[in-house]
$ cat work35.pdb   # PDB, N, CA and C atoms
ATOM      1  N   MET A   1      19.864 -61.324  -6.413
ATOM      2  CA  MET A   1      21.147 -61.806  -5.947
ATOM      3  C   MET A   1      20.972 -62.605  -4.677
ATOM      4  N   ARG A   2      21.785 -63.604  -4.576
ATOM      5  CA  ARG A   2      21.759 -64.394  -3.355
ATOM      6  C   ARG A   2      22.610 -63.703  -2.316
ATOM      7  N   GLY A   3      22.359 -64.015  -1.080
ATOM      8  CA  GLY A   3      23.137 -63.418  -0.005
ATOM      9  C   GLY A   3      24.497 -64.054   0.118
ATOM     10  N   ALA A   4      25.304 -63.445   0.954
ATOM     11  CA  ALA A   4      26.658 -63.943   1.191
ATOM     12  C   ALA A   4      26.611 -65.202   2.028
ATOM     13  N   GLY A   5      27.660 -65.977   1.980
ATOM     14  CA  GLY A   5      27.771 -67.160   2.812
ATOM     15  C   GLY A   5      28.704 -68.169   2.205
ATOM     16  N   ARG A   6      29.313 -68.962   3.016
ATOM     17  CA  ARG A   6      30.243 -69.994   2.547
ATOM     18  C   ARG A   6      29.560 -70.895   1.538
ATOM     19  N   GLY A   7      30.249 -71.127   0.440
ATOM     20  CA  GLY A   7      29.740 -72.040  -0.569
ATOM     21  C   GLY A   7      28.705 -71.418  -1.482
ATOM     22  N   GLY A   8      28.139 -70.265  -1.098
ATOM     23  CA  GLY A   8      27.133 -69.623  -1.923
ATOM     24  C   GLY A   8      27.740 -68.558  -2.783
ATOM     25  N   GLY A   9      26.998 -68.158  -3.791
ATOM     26  CA  GLY A   9      27.463 -67.102  -4.655
ATOM     27  C   GLY A   9      26.809 -65.790  -4.305
ATOM     28  N   PHE A  10      27.247 -64.764  -4.945
ATOM     29  CA  PHE A  10      26.694 -63.441  -4.696
ATOM     30  C   PHE A  10      26.194 -62.791  -5.975
ATOM     31  N   LEU A  11      26.904 -62.985  -7.068
ATOM     32  CA  LEU A  11      26.578 -62.321  -8.321
ATOM     33  C   LEU A  11      25.368 -62.942  -9.011
ATOM     34  N   ASP A  12      24.492 -62.085  -9.544
ATOM     35  CA  ASP A  12      23.408 -62.603 -10.374
ATOM     36  C   ASP A  12      23.963 -62.874 -11.779
ATOM     37  N   GLN A  13      23.142 -63.416 -12.647
ATOM     38  CA  GLN A  13      23.599 -63.828 -13.979
ATOM     39  C   GLN A  13      24.150 -62.650 -14.787
ATOM     40  N   HIS A  14      23.483 -61.518 -14.721
ATOM     41  CA  HIS A  14      23.957 -60.349 -15.467
ATOM     42  C   HIS A  14      25.329 -59.902 -14.954
ATOM     43  N   ALA A  15      25.483 -59.794 -13.661
ATOM     44  CA  ALA A  15      26.761 -59.373 -13.078
ATOM     45  C   ALA A  15      27.869 -60.367 -13.433
ATOM     46  N   ARG A  16      27.538 -61.660 -13.439
ATOM     47  CA  ARG A  16      28.528 -62.673 -13.829
ATOM     48  C   ARG A  16      28.995 -62.448 -15.267
ATOM     49  N   ARG A  17      28.069 -62.093 -16.161
ATOM     50  CA  ARG A  17      28.444 -61.825 -17.561
ATOM     51  C   ARG A  17      29.363 -60.619 -17.655
ATOM     52  N   VAL A  18      29.066 -59.571 -16.885
ATOM     53  CA  VAL A  18      29.903 -58.370 -16.921
ATOM     54  C   VAL A  18      31.300 -58.706 -16.408
ATOM     55  N   VAL A  19      31.385 -59.412 -15.284
ATOM     56  CA  VAL A  19      32.690 -59.796 -14.728
ATOM     57  C   VAL A  19      33.430 -60.688 -15.722
ATOM     58  N   PHE A  20      32.740 -61.637 -16.322
ATOM     59  CA  PHE A  20      33.360 -62.546 -17.288
ATOM     60  C   PHE A  20      33.976 -61.763 -18.444
ATOM     61  N   ARG A  21      33.194 -60.874 -19.059
ATOM     62  CA  ARG A  21      33.675 -60.109 -20.214
ATOM     63  C   ARG A  21      34.811 -59.164 -19.816
ATOM     64  N   ALA A  22      34.664 -58.490 -18.691
ATOM     65  CA  ALA A  22      35.720 -57.568 -18.241
ATOM     66  C   ALA A  22      37.009 -58.333 -17.958
ATOM     67  N   ALA A  23      36.901 -59.448 -17.267
ATOM     68  CA  ALA A  23      38.089 -60.237 -16.939
ATOM     69  C   ALA A  23      38.768 -60.751 -18.204
ATOM     70  N   GLU A  24      37.992 -61.154 -19.185
ATOM     71  CA  GLU A  24      38.563 -61.623 -20.450
ATOM     72  C   GLU A  24      39.300 -60.509 -21.188
ATOM     73  N   ARG A  25      38.821 -59.282 -21.063
ATOM     74  CA  ARG A  25      39.496 -58.160 -21.715
ATOM     75  C   ARG A  25      40.758 -57.770 -20.948
ATOM     76  N   ILE A  26      40.739 -57.916 -19.639
ATOM     77  CA  ILE A  26      41.889 -57.541 -18.811
ATOM     78  C   ILE A  26      42.962 -58.626 -18.829
ATOM     79  N   ILE A  27      42.540 -59.885 -18.798
ATOM     80  CA  ILE A  27      43.476 -61.023 -18.795
ATOM     81  C   ILE A  27      43.093 -61.978 -19.925
ATOM     82  N   PRO A  28      43.399 -61.590 -21.164
ATOM     83  CA  PRO A  28      43.027 -62.463 -22.289
ATOM     84  C   PRO A  28      43.936 -63.690 -22.367
ATOM     85  N   ALA A  29      43.390 -64.741 -22.907
ATOM     86  CA  ALA A  29      44.207 -65.929 -23.172
ATOM     87  C   ALA A  29      45.168 -65.596 -24.309
ATOM     88  N   SER A  30      46.370 -66.074 -24.186
ATOM     89  CA  SER A  30      47.376 -65.923 -25.242
ATOM     90  C   SER A  30      48.200 -67.194 -25.222
ATOM     91  N   GLU A  31      49.507 -67.078 -25.187
ATOM     92  CA  GLU A  31      50.331 -68.276 -25.013
ATOM     93  C   GLU A  31      50.139 -68.837 -23.605
ATOM     94  N   THR A  32      49.592 -67.988 -22.740
ATOM     95  CA  THR A  32      49.316 -68.391 -21.356
ATOM     96  C   THR A  32      47.809 -68.360 -21.118
ATOM     97  N   PRO A  33      47.347 -69.065 -20.109
ATOM     98  CA  PRO A  33      45.905 -69.076 -19.820
ATOM     99  C   PRO A  33      45.382 -67.677 -19.497
ATOM    100  N   GLY A  34      44.104 -67.475 -19.785
ATOM    101  CA  GLY A  34      43.454 -66.202 -19.499
ATOM    102  C   GLY A  34      42.508 -66.307 -18.318
ATOM    103  N   ALA A  35      41.671 -65.295 -18.182
ATOM    104  CA  ALA A  35      40.744 -65.206 -17.058
ATOM    105  C   ALA A  35      39.770 -66.382 -17.007
ATOM    106  N   THR A  36      39.272 -66.798 -18.165
ATOM    107  CA  THR A  36      38.337 -67.921 -18.184
ATOM    108  C   THR A  36      39.024 -69.184 -17.694
ATOM    109  N   ASP A  37      40.247 -69.409 -18.156
ATOM    110  CA  ASP A  37      41.003 -70.585 -17.725
ATOM    111  C   ASP A  37      41.233 -70.584 -16.217
ATOM    112  N   ALA A  38      41.397 -69.385 -15.655
ATOM    113  CA  ALA A  38      41.636 -69.256 -14.211
ATOM    114  C   ALA A  38      40.338 -69.213 -13.415
ATOM    115  N   ASP A  39      39.193 -69.277 -14.086
ATOM    116  CA  ASP A  39      37.878 -69.237 -13.446
ATOM    117  C   ASP A  39      37.725 -68.000 -12.557
ATOM    118  N   VAL A  40      38.097 -66.858 -13.125
ATOM    119  CA  VAL A  40      38.076 -65.602 -12.388
ATOM    120  C   VAL A  40      36.676 -65.257 -11.886
ATOM    121  N   VAL A  41      35.653 -65.548 -12.659
ATOM    122  CA  VAL A  41      34.290 -65.204 -12.231
ATOM    123  C   VAL A  41      33.943 -65.905 -10.918
ATOM    124  N   THR A  42      34.270 -67.172 -10.810
ATOM    125  CA  THR A  42      33.989 -67.904  -9.566
ATOM    126  C   THR A  42      34.796 -67.317  -8.413
ATOM    127  N   PHE A  43      36.051 -66.974  -8.672
ATOM    128  CA  PHE A  43      36.883 -66.365  -7.641
ATOM    129  C   PHE A  43      36.273 -65.052  -7.151
ATOM    130  N   VAL A  44      35.908 -64.176  -8.084
ATOM    131  CA  VAL A  44      35.316 -62.885  -7.721
ATOM    132  C   VAL A  44      34.023 -63.103  -6.952
ATOM    133  N   ASP A  45      33.190 -64.012  -7.417
ATOM    134  CA  ASP A  45      31.917 -64.296  -6.754
ATOM    135  C   ASP A  45      32.147 -64.751  -5.317
ATOM    136  N   ARG A  46      33.095 -65.635  -5.114
ATOM    137  CA  ARG A  46      33.382 -66.119  -3.755
ATOM    138  C   ARG A  46      33.975 -65.033  -2.876
ATOM    139  N   MET A  47      34.828 -64.204  -3.447
ATOM    140  CA  MET A  47      35.383 -63.086  -2.666
ATOM    141  C   MET A  47      34.261 -62.156  -2.205
ATOM    142  N   LEU A  48      33.348 -61.840  -3.113
ATOM    143  CA  LEU A  48      32.228 -60.974  -2.751
ATOM    144  C   LEU A  48      31.355 -61.609  -1.676
ATOM    145  N   ALA A  49      31.093 -62.885  -1.819
ATOM    146  CA  ALA A  49      30.198 -63.576  -0.891
ATOM    147  C   ALA A  49      30.835 -63.819   0.469
ATOM    148  N   ASP A  50      32.112 -64.182   0.476
ATOM    149  CA  ASP A  50      32.720 -64.678   1.712
ATOM    150  C   ASP A  50      33.731 -63.744   2.363
ATOM    151  N   TRP A  51      34.241 -62.760   1.646
ATOM    152  CA  TRP A  51      35.314 -61.934   2.199
ATOM    153  C   TRP A  51      34.995 -60.455   2.249
ATOM    154  N   TYR A  52      34.301 -59.941   1.251
ATOM    155  CA  TYR A  52      34.018 -58.508   1.205
ATOM    156  C   TYR A  52      32.943 -58.148   2.213
ATOM    157  N   ASN A  53      33.060 -56.960   2.799
ATOM    158  CA  ASN A  53      31.976 -56.468   3.649
ATOM    159  C   ASN A  53      30.946 -55.781   2.742
ATOM    160  N   SER A  54      29.848 -55.360   3.299
ATOM    161  CA  SER A  54      28.757 -54.824   2.475
ATOM    162  C   SER A  54      29.174 -53.558   1.729
ATOM    163  N   ASP A  55      29.994 -52.694   2.338
ATOM    164  CA  ASP A  55      30.459 -51.491   1.633
ATOM    165  C   ASP A  55      31.331 -51.855   0.436
ATOM    166  N   GLU A  56      32.210 -52.828   0.602
ATOM    167  CA  GLU A  56      33.073 -53.268  -0.498
ATOM    168  C   GLU A  56      32.253 -53.897  -1.621
ATOM    169  N   ARG A  57      31.268 -54.725  -1.247
ATOM    170  CA  ARG A  57      30.392 -55.327  -2.264
ATOM    171  C   ARG A  57      29.629 -54.252  -3.016
ATOM    172  N   ASP A  58      29.087 -53.283  -2.270
ATOM    173  CA  ASP A  58      28.323 -52.204  -2.903
ATOM    174  C   ASP A  58      29.192 -51.421  -3.877
ATOM    175  N   ARG A  59      30.432 -51.143  -3.499
ATOM    176  CA  ARG A  59      31.353 -50.397  -4.371
ATOM    177  C   ARG A  59      31.667 -51.208  -5.630
ATOM    178  N   PHE A  60      31.895 -52.506  -5.473
ATOM    179  CA  PHE A  60      32.175 -53.367  -6.626
ATOM    180  C   PHE A  60      30.972 -53.403  -7.572
ATOM    181  N   LEU A  61      29.782 -53.624  -7.026
ATOM    182  CA  LEU A  61      28.576 -53.687  -7.854
ATOM    183  C   LEU A  61      28.285 -52.349  -8.514
ATOM    184  N   ALA A  62      28.591 -51.239  -7.827
ATOM    185  CA  ALA A  62      28.423 -49.914  -8.436
ATOM    186  C   ALA A  62      29.346 -49.771  -9.637
ATOM    187  N   GLY A  63      30.534 -50.336  -9.552
ATOM    188  CA  GLY A  63      31.455 -50.314 -10.687
ATOM    189  C   GLY A  63      30.899 -51.074 -11.880
ATOM    190  N   LEU A  64      30.280 -52.223 -11.620
ATOM    191  CA  LEU A  64      29.666 -52.981 -12.722
ATOM    192  C   LEU A  64      28.530 -52.189 -13.352
ATOM    193  N   ARG A  65      27.718 -51.546 -12.508
ATOM    194  CA  ARG A  65      26.618 -50.725 -13.031
ATOM    195  C   ARG A  65      27.165 -49.544 -13.842
ATOM    196  N   ASP A  66      28.289 -48.980 -13.385
ATOM    197  CA  ASP A  66      28.906 -47.867 -14.097
ATOM    198  C   ASP A  66      29.389 -48.304 -15.485
ATOM    199  N   LEU A  67      30.001 -49.475 -15.573
ATOM    200  CA  LEU A  67      30.414 -49.990 -16.887
ATOM    201  C   LEU A  67      29.216 -50.107 -17.822
ATOM    202  N   ASP A  68      28.119 -50.662 -17.306
ATOM    203  CA  ASP A  68      26.903 -50.771 -18.123
ATOM    204  C   ASP A  68      26.398 -49.395 -18.546
ATOM    205  N   ALA A  69      26.357 -48.454 -17.613
ATOM    206  CA  ALA A  69      25.841 -47.117 -17.916
ATOM    207  C   ALA A  69      26.701 -46.422 -18.966
ATOM    208  N   ARG A  70      28.017 -46.550 -18.851
ATOM    209  CA  ARG A  70      28.916 -45.947 -19.837
ATOM    210  C   ARG A  70      28.656 -46.531 -21.226
ATOM    211  N   CYS A  71      28.495 -47.832 -21.292
ATOM    212  CA  CYS A  71      28.276 -48.477 -22.590
ATOM    213  C   CYS A  71      26.897 -48.154 -23.151
ATOM    214  N   ARG A  72      25.885 -48.109 -22.300
ATOM    215  CA  ARG A  72      24.550 -47.744 -22.784
ATOM    216  C   ARG A  72      24.549 -46.314 -23.324
ATOM    217  N   ALA A  73      25.274 -45.399 -22.646
ATOM    218  CA  ALA A  73      25.324 -44.002 -23.090
ATOM    219  C   ALA A  73      26.021 -43.875 -24.450
ATOM    220  N   ARG A  74      27.059 -44.653 -24.672
ATOM    221  CA  ARG A  74      27.832 -44.537 -25.920
ATOM    222  C   ARG A  74      27.344 -45.453 -27.027
ATOM    223  N   HIS A  75      26.858 -46.655 -26.645
ATOM    224  CA  HIS A  75      26.577 -47.671 -27.662
ATOM    225  C   HIS A  75      25.157 -48.232 -27.619
ATOM    226  N   GLY A  76      24.367 -47.801 -26.637
ATOM    227  CA  GLY A  76      22.984 -48.239 -26.560
ATOM    228  C   GLY A  76      22.798 -49.664 -26.072
ATOM    229  N   LYS A  77      23.838 -50.237 -25.448
ATOM    230  CA  LYS A  77      23.707 -51.592 -24.911
ATOM    231  C   LYS A  77      24.641 -51.774 -23.721
ATOM    232  N   ASP A  78      24.337 -52.788 -22.921
ATOM    233  CA  ASP A  78      25.141 -53.083 -21.743
ATOM    234  C   ASP A  78      26.559 -53.501 -22.130
ATOM    235  N   PHE A  79      27.473 -53.384 -21.178
ATOM    236  CA  PHE A  79      28.876 -53.715 -21.374
ATOM    237  C   PHE A  79      29.058 -55.097 -22.000
ATOM    238  N   ALA A  80      28.430 -56.112 -21.434
ATOM    239  CA  ALA A  80      28.629 -57.489 -21.904
ATOM    240  C   ALA A  80      28.128 -57.701 -23.329
ATOM    241  N   ASP A  81      27.244 -56.839 -23.799
ATOM    242  CA  ASP A  81      26.698 -56.965 -25.146
ATOM    243  C   ASP A  81      27.460 -56.154 -26.185
ATOM    244  N   CYS A  82      28.413 -55.347 -25.749
ATOM    245  CA  CYS A  82      29.231 -54.566 -26.674
ATOM    246  C   CYS A  82      30.299 -55.455 -27.301
ATOM    247  N   ASP A  83      30.869 -54.987 -28.407
ATOM    248  CA  ASP A  83      31.965 -55.748 -29.007
ATOM    249  C   ASP A  83      33.253 -55.504 -28.211
ATOM    250  N   GLU A  84      34.244 -56.302 -28.502
ATOM    251  CA  GLU A  84      35.498 -56.271 -27.739
ATOM    252  C   GLU A  84      36.140 -54.888 -27.733
ATOM    253  N   ARG A  85      36.176 -54.236 -28.863
ATOM    254  CA  ARG A  85      36.795 -52.902 -28.952
ATOM    255  C   ARG A  85      36.116 -51.917 -28.019
ATOM    256  N   ASP A  86      34.773 -51.925 -27.988
ATOM    257  CA  ASP A  86      34.035 -51.009 -27.128
ATOM    258  C   ASP A  86      34.199 -51.377 -25.652
ATOM    259  N   GLN A  87      34.294 -52.667 -25.364
ATOM    260  CA  GLN A  87      34.531 -53.091 -23.986
ATOM    261  C   GLN A  87      35.898 -52.620 -23.500
ATOM    262  N   VAL A  88      36.909 -52.781 -24.332
ATOM    263  CA  VAL A  88      38.258 -52.329 -23.963
ATOM    264  C   VAL A  88      38.261 -50.819 -23.750
ATOM    265  N   ALA A  89      37.605 -50.079 -24.626
ATOM    266  CA  ALA A  89      37.537 -48.622 -24.488
ATOM    267  C   ALA A  89      36.842 -48.232 -23.181
ATOM    268  N   ALA A  90      35.754 -48.919 -22.834
ATOM    269  CA  ALA A  90      35.039 -48.618 -21.589
ATOM    270  C   ALA A  90      35.910 -48.923 -20.378
ATOM    271  N   LEU A  91      36.610 -50.050 -20.402
ATOM    272  CA  LEU A  91      37.490 -50.398 -19.287
ATOM    273  C   LEU A  91      38.651 -49.420 -19.165
ATOM    274  N   THR A  92      39.194 -48.989 -20.284
ATOM    275  CA  THR A  92      40.298 -48.027 -20.268
ATOM    276  C   THR A  92      39.832 -46.698 -19.683
ATOM    277  N   ALA A  93      38.675 -46.220 -20.117
ATOM    278  CA  ALA A  93      38.130 -44.964 -19.588
ATOM    279  C   ALA A  93      37.833 -45.097 -18.097
ATOM    280  N   PHE A  94      37.278 -46.222 -17.707
ATOM    281  CA  PHE A  94      36.975 -46.489 -16.295
ATOM    282  C   PHE A  94      38.256 -46.445 -15.470
ATOM    283  N   ASP A  95      39.310 -47.095 -15.958
ATOM    284  CA  ASP A  95      40.588 -47.117 -15.254
ATOM    285  C   ASP A  95      41.211 -45.728 -15.207
ATOM    286  N   ASP A  96      41.145 -44.981 -16.300
ATOM    287  CA  ASP A  96      41.675 -43.620 -16.324
ATOM    288  C   ASP A  96      40.957 -42.746 -15.289
ATOM    289  N   ASP A  97      39.639 -42.855 -15.227
ATOM    290  CA  ASP A  97      38.864 -42.084 -14.252
ATOM    291  C   ASP A  97      39.222 -42.476 -12.820
ATOM    292  N   ALA A  98      39.400 -43.757 -12.583
ATOM    293  CA  ALA A  98      39.778 -44.230 -11.248
ATOM    294  C   ALA A  98      41.151 -43.697 -10.861
ATOM    295  N   ALA A  99      42.078 -43.648 -11.813
ATOM    296  CA  ALA A  99      43.421 -43.129 -11.533
ATOM    297  C   ALA A  99      43.354 -41.655 -11.147
ATOM    298  N   VAL A 100      42.530 -40.892 -11.832
ATOM    299  CA  VAL A 100      42.362 -39.473 -11.500
ATOM    300  C   VAL A 100      41.776 -39.335 -10.092
ATOM    301  N   ARG A 101      40.771 -40.149  -9.772
ATOM    302  CA  ARG A 101      40.167 -40.082  -8.432
ATOM    303  C   ARG A 101      41.177 -40.428  -7.347
ATOM    304  N   ARG A 102      42.053 -41.386  -7.613
ATOM    305  CA  ARG A 102      43.064 -41.756  -6.611
ATOM    306  C   ARG A 102      44.056 -40.622  -6.376
ATOM    307  N   ARG A 103      44.354 -39.842  -7.406
ATOM    308  CA  ARG A 103      45.318 -38.746  -7.288
ATOM    309  C   ARG A 103      44.705 -37.463  -6.761
ATOM    310  N   THR A 104      43.387 -37.343  -6.832
ATOM    311  CA  THR A 104      42.702 -36.116  -6.456
ATOM    312  C   THR A 104      42.206 -36.208  -5.016
ATOM    313  N   PRO A 105      42.728 -35.346  -4.132
ATOM    314  CA  PRO A 105      42.220 -35.368  -2.761
ATOM    315  C   PRO A 105      40.742 -34.936  -2.760
ATOM    316  N   HIS A 106      39.980 -35.573  -1.933
ATOM    317  CA  HIS A 106      38.563 -35.210  -1.832
ATOM    318  C   HIS A 106      38.130 -35.329  -0.374
ATOM    319  N   ALA A 107      37.078 -34.631  -0.074
ATOM    320  CA  ALA A 107      36.528 -34.649   1.290
ATOM    321  C   ALA A 107      35.770 -35.934   1.524
ATOM    322  N   GLU A 108      35.854 -36.440   2.717
ATOM    323  CA  GLU A 108      35.069 -37.623   3.082
ATOM    324  C   GLU A 108      33.604 -37.244   3.137
ATOM    325  N   SER A 109      32.750 -38.146   2.660
ATOM    326  CA  SER A 109      31.308 -37.860   2.731
ATOM    327  C   SER A 109      30.667 -38.497   3.915
TER     328      SER A 109
END

$ encode --input "work35.pdb" --output "structure tokens"
Amino acid sequence: MRGAGRGGGFLDQHARRVVFRAAERIIPASETPGATDADVVTFVDRMLADWYNSDERDRFLAGLRDLDARCRARHGKDFADCDERDQVAALTAFDDDAAVRRRTPHAES
């Protein structure tokens, strides 16, 4: 991965594929433009490079790794290589787990 900085990117090719596929599942094209039309991957990459601090970047990248790990455990392949149905299921489970974590008080580490 390249470092942060104005005009530079942050995501490597694999991470870009994961963001691309996830964004397409979350904001699909229909009668209105979708994530690809809005160039969401470039937006996310620039936010990571130019706006997020290192803890925020690490948390975001950990989420991408978690999506891959969930898909490898269930389907034997990374998130971006799964079919649409499996990607949607992984994103739904990820979101459900995040909602539980937000509602559950926990001790600071």

$ select_by_dssp --input "work35.pdb" --residues "chain A" --states "alpha helix (DSSP H)" --output "VMD selection string"
chain A and resid 13 to 26 40 to 50 54 to 75 84 to 103

$ atom_distance --input "work35.pdb" --atom1 "atom C of Arg102 (chain A)" --atom2 "atom N of Tyr52 (chain A)"
22.9 Å

$ atom_distance --input "work35.pdb" --atom1 "CA of Asp95 (chain A)" --atom2 "CA of Arg16 (chain A)"
19.7 Å

$ resolve_selection --input "work35.pdb" --expression "the PyMOL selection byres (((chain A and resi 91 and name CA) around 12) and name CA)" --output "PyMOL selection string"
chain A and resi 18-19+21-26+63-64+66-68+70-71+79-80+82+84-90+92-98

$ closest_residue --input "work35.pdb" --among "A:Gly9, A:Pro28, A:Pro33, A:Gly76" --to "Leu48 (chain A)" --atoms "only C-alpha atoms"
A:Gly9

$ atom_distance --input "work35.pdb" --atom1 "CA of Ala49 (chain A)" --atom2 "CA of Ala15 (chain A)"
13.3 Å

$ decode --input "work35.pdb" --residues "region 57-76 of chain A" --atoms "N, CA, C and O atoms" --output "PDB file, in the first residue's frame"
ATOM      1  N   ARG A  57      -7.939   4.368   9.622  1.00  0.00           N
ATOM      2  CA  ARG A  57      -7.530   3.552   8.468  1.00  0.00           C
ATOM      3  C   ARG A  57      -7.387   2.095   8.868  1.00  0.00           C
ATOM      4  O   ARG A  57      -7.853   1.197   8.170  1.00  0.00           O
ATOM      5  N   ASP A  58      -6.741   1.860  10.016  1.00  0.00           N
ATOM      6  CA  ASP A  58      -6.544   0.485  10.484  1.00  0.00           C
ATOM      7  C   ASP A  58      -7.880  -0.209  10.711  1.00  0.00           C
ATOM      8  O   ASP A  58      -8.046  -1.379  10.350  1.00  0.00           O
ATOM      9  N   ARG A  59      -8.841   0.495  11.292  1.00  0.00           N
ATOM     10  CA  ARG A  59     -10.170  -0.082  11.550  1.00  0.00           C
ATOM     11  C   ARG A  59     -10.875  -0.401  10.231  1.00  0.00           C
ATOM     12  O   ARG A  59     -11.488  -1.459  10.076  1.00  0.00           O
ATOM     13  N   PHE A  60     -10.782   0.501   9.260  1.00  0.00           N
ATOM     14  CA  PHE A  60     -11.402   0.267   7.952  1.00  0.00           C
ATOM     15  C   PHE A  60     -10.772  -0.951   7.271  1.00  0.00           C
ATOM     16  O   PHE A  60     -11.484  -1.834   6.777  1.00  0.00           O
ATOM     17  N   LEU A  61      -9.445  -1.006   7.243  1.00  0.00           N
ATOM     18  CA  LEU A  61      -8.754  -2.127   6.603  1.00  0.00           C
ATOM     19  C   LEU A  61      -9.028  -3.436   7.326  1.00  0.00           C
ATOM     20  O   LEU A  61      -9.138  -4.490   6.691  1.00  0.00           O
ATOM     21  N   ALA A  62      -9.175  -3.388   8.658  1.00  0.00           N
ATOM     22  CA  ALA A  62      -9.530  -4.595   9.414  1.00  0.00           C
ATOM     23  C   ALA A  62     -10.907  -5.088   8.992  1.00  0.00           C
ATOM     24  O   ALA A  62     -11.137  -6.304   8.899  1.00  0.00           O
ATOM     25  N   GLY A  63     -11.810  -4.172   8.705  1.00  0.00           N
ATOM     26  CA  GLY A  63     -13.134  -4.556   8.218  1.00  0.00           C
ATOM     27  C   GLY A  63     -13.059  -5.264   6.875  1.00  0.00           C
ATOM     28  O   GLY A  63     -13.769  -6.251   6.646  1.00  0.00           O
ATOM     29  N   LEU A  64     -12.202  -4.766   5.986  1.00  0.00           N
ATOM     30  CA  LEU A  64     -12.035  -5.438   4.687  1.00  0.00           C
ATOM     31  C   LEU A  64     -11.462  -6.835   4.874  1.00  0.00           C
ATOM     32  O   LEU A  64     -11.917  -7.798   4.234  1.00  0.00           O
ATOM     33  N   ARG A  65     -10.479  -6.956   5.771  1.00  0.00           N
ATOM     34  CA  ARG A  65      -9.894  -8.275   6.044  1.00  0.00           C
ATOM     35  C   ARG A  65     -10.942  -9.214   6.654  1.00  0.00           C
ATOM     36  O   ARG A  65     -10.975 -10.405   6.346  1.00  0.00           O
ATOM     37  N   ASP A  66     -11.815  -8.658   7.503  1.00  0.00           N
ATOM     38  CA  ASP A  66     -12.868  -9.458   8.117  1.00  0.00           C
ATOM     39  C   ASP A  66     -13.845  -9.985   7.060  1.00  0.00           C
ATOM     40  O   ASP A  66     -14.250 -11.152   7.111  1.00  0.00           O
ATOM     41  N   LEU A  67     -14.219  -9.145   6.108  1.00  0.00           N
ATOM     42  CA  LEU A  67     -15.087  -9.612   5.017  1.00  0.00           C
ATOM     43  C   LEU A  67     -14.443 -10.776   4.274  1.00  0.00           C
ATOM     44  O   LEU A  67     -15.097 -11.787   3.982  1.00  0.00           O
ATOM     45  N   ASP A  68     -13.154 -10.634   3.962  1.00  0.00           N
ATOM     46  CA  ASP A  68     -12.442 -11.728   3.289  1.00  0.00           C
ATOM     47  C   ASP A  68     -12.428 -12.988   4.147  1.00  0.00           C
ATOM     48  O   ASP A  68     -12.693 -14.086   3.655  1.00  0.00           O
ATOM     49  N   ALA A  69     -12.130 -12.841   5.431  1.00  0.00           N
ATOM     50  CA  ALA A  69     -12.045 -14.001   6.321  1.00  0.00           C
ATOM     51  C   ALA A  69     -13.392 -14.707   6.433  1.00  0.00           C
ATOM     52  O   ALA A  69     -13.459 -15.949   6.402  1.00  0.00           O
ATOM     53  N   ARG A  70     -14.470 -13.939   6.542  1.00  0.00           N
ATOM     54  CA  ARG A  70     -15.806 -14.533   6.617  1.00  0.00           C
ATOM     55  C   ARG A  70     -16.108 -15.332   5.349  1.00  0.00           C
ATOM     56  O   ARG A  70     -16.658 -16.439   5.421  1.00  0.00           O
ATOM     57  N   CYS A  71     -15.774 -14.771   4.210  1.00  0.00           N
ATOM     58  CA  CYS A  71     -16.060 -15.456   2.946  1.00  0.00           C
ATOM     59  C   CYS A  71     -15.163 -16.672   2.752  1.00  0.00           C
ATOM     60  O   CYS A  71     -15.633 -17.709   2.273  1.00  0.00           O
ATOM     61  N   ARG A  72     -13.899 -16.568   3.131  1.00  0.00           N
ATOM     62  CA  ARG A  72     -13.013 -17.731   3.018  1.00  0.00           C
ATOM     63  C   ARG A  72     -13.502 -18.865   3.917  1.00  0.00           C
ATOM     64  O   ARG A  72     -13.463 -20.032   3.525  1.00  0.00           O
ATOM     65  N   ALA A  73     -13.986 -18.524   5.131  1.00  0.00           N
ATOM     66  CA  ALA A  73     -14.470 -19.550   6.061  1.00  0.00           C
ATOM     67  C   ALA A  73     -15.718 -20.253   5.514  1.00  0.00           C
ATOM     68  O   ALA A  73     -15.869 -21.467   5.678  1.00  0.00           O
ATOM     69  N   ARG A  74     -16.593 -19.514   4.866  1.00  0.00           N
ATOM     70  CA  ARG A  74     -17.855 -20.097   4.379  1.00  0.00           C
ATOM     71  C   ARG A  74     -17.772 -20.629   2.960  1.00  0.00           C
ATOM     72  O   ARG A  74     -18.450 -21.600   2.614  1.00  0.00           O
ATOM     73  N   HIS A  75     -16.968 -19.955   2.108  1.00  0.00           N
ATOM     74  CA  HIS A  75     -17.009 -20.274   0.679  1.00  0.00           C
ATOM     75  C   HIS A  75     -15.651 -20.616   0.069  1.00  0.00           C
ATOM     76  O   HIS A  75     -15.570 -20.899  -1.119  1.00  0.00           O
ATOM     77  N   GLY A  76     -14.590 -20.518   0.867  1.00  0.00           N
ATOM     78  CA  GLY A  76     -13.269 -20.883   0.382  1.00  0.00           C
ATOM     79  C   GLY A  76     -12.641 -19.876  -0.563  1.00  0.00           C
ATOM     80  O   GLY A  76     -11.690 -20.199  -1.269  1.00  0.00           O
TER      81      GLY A  76
END
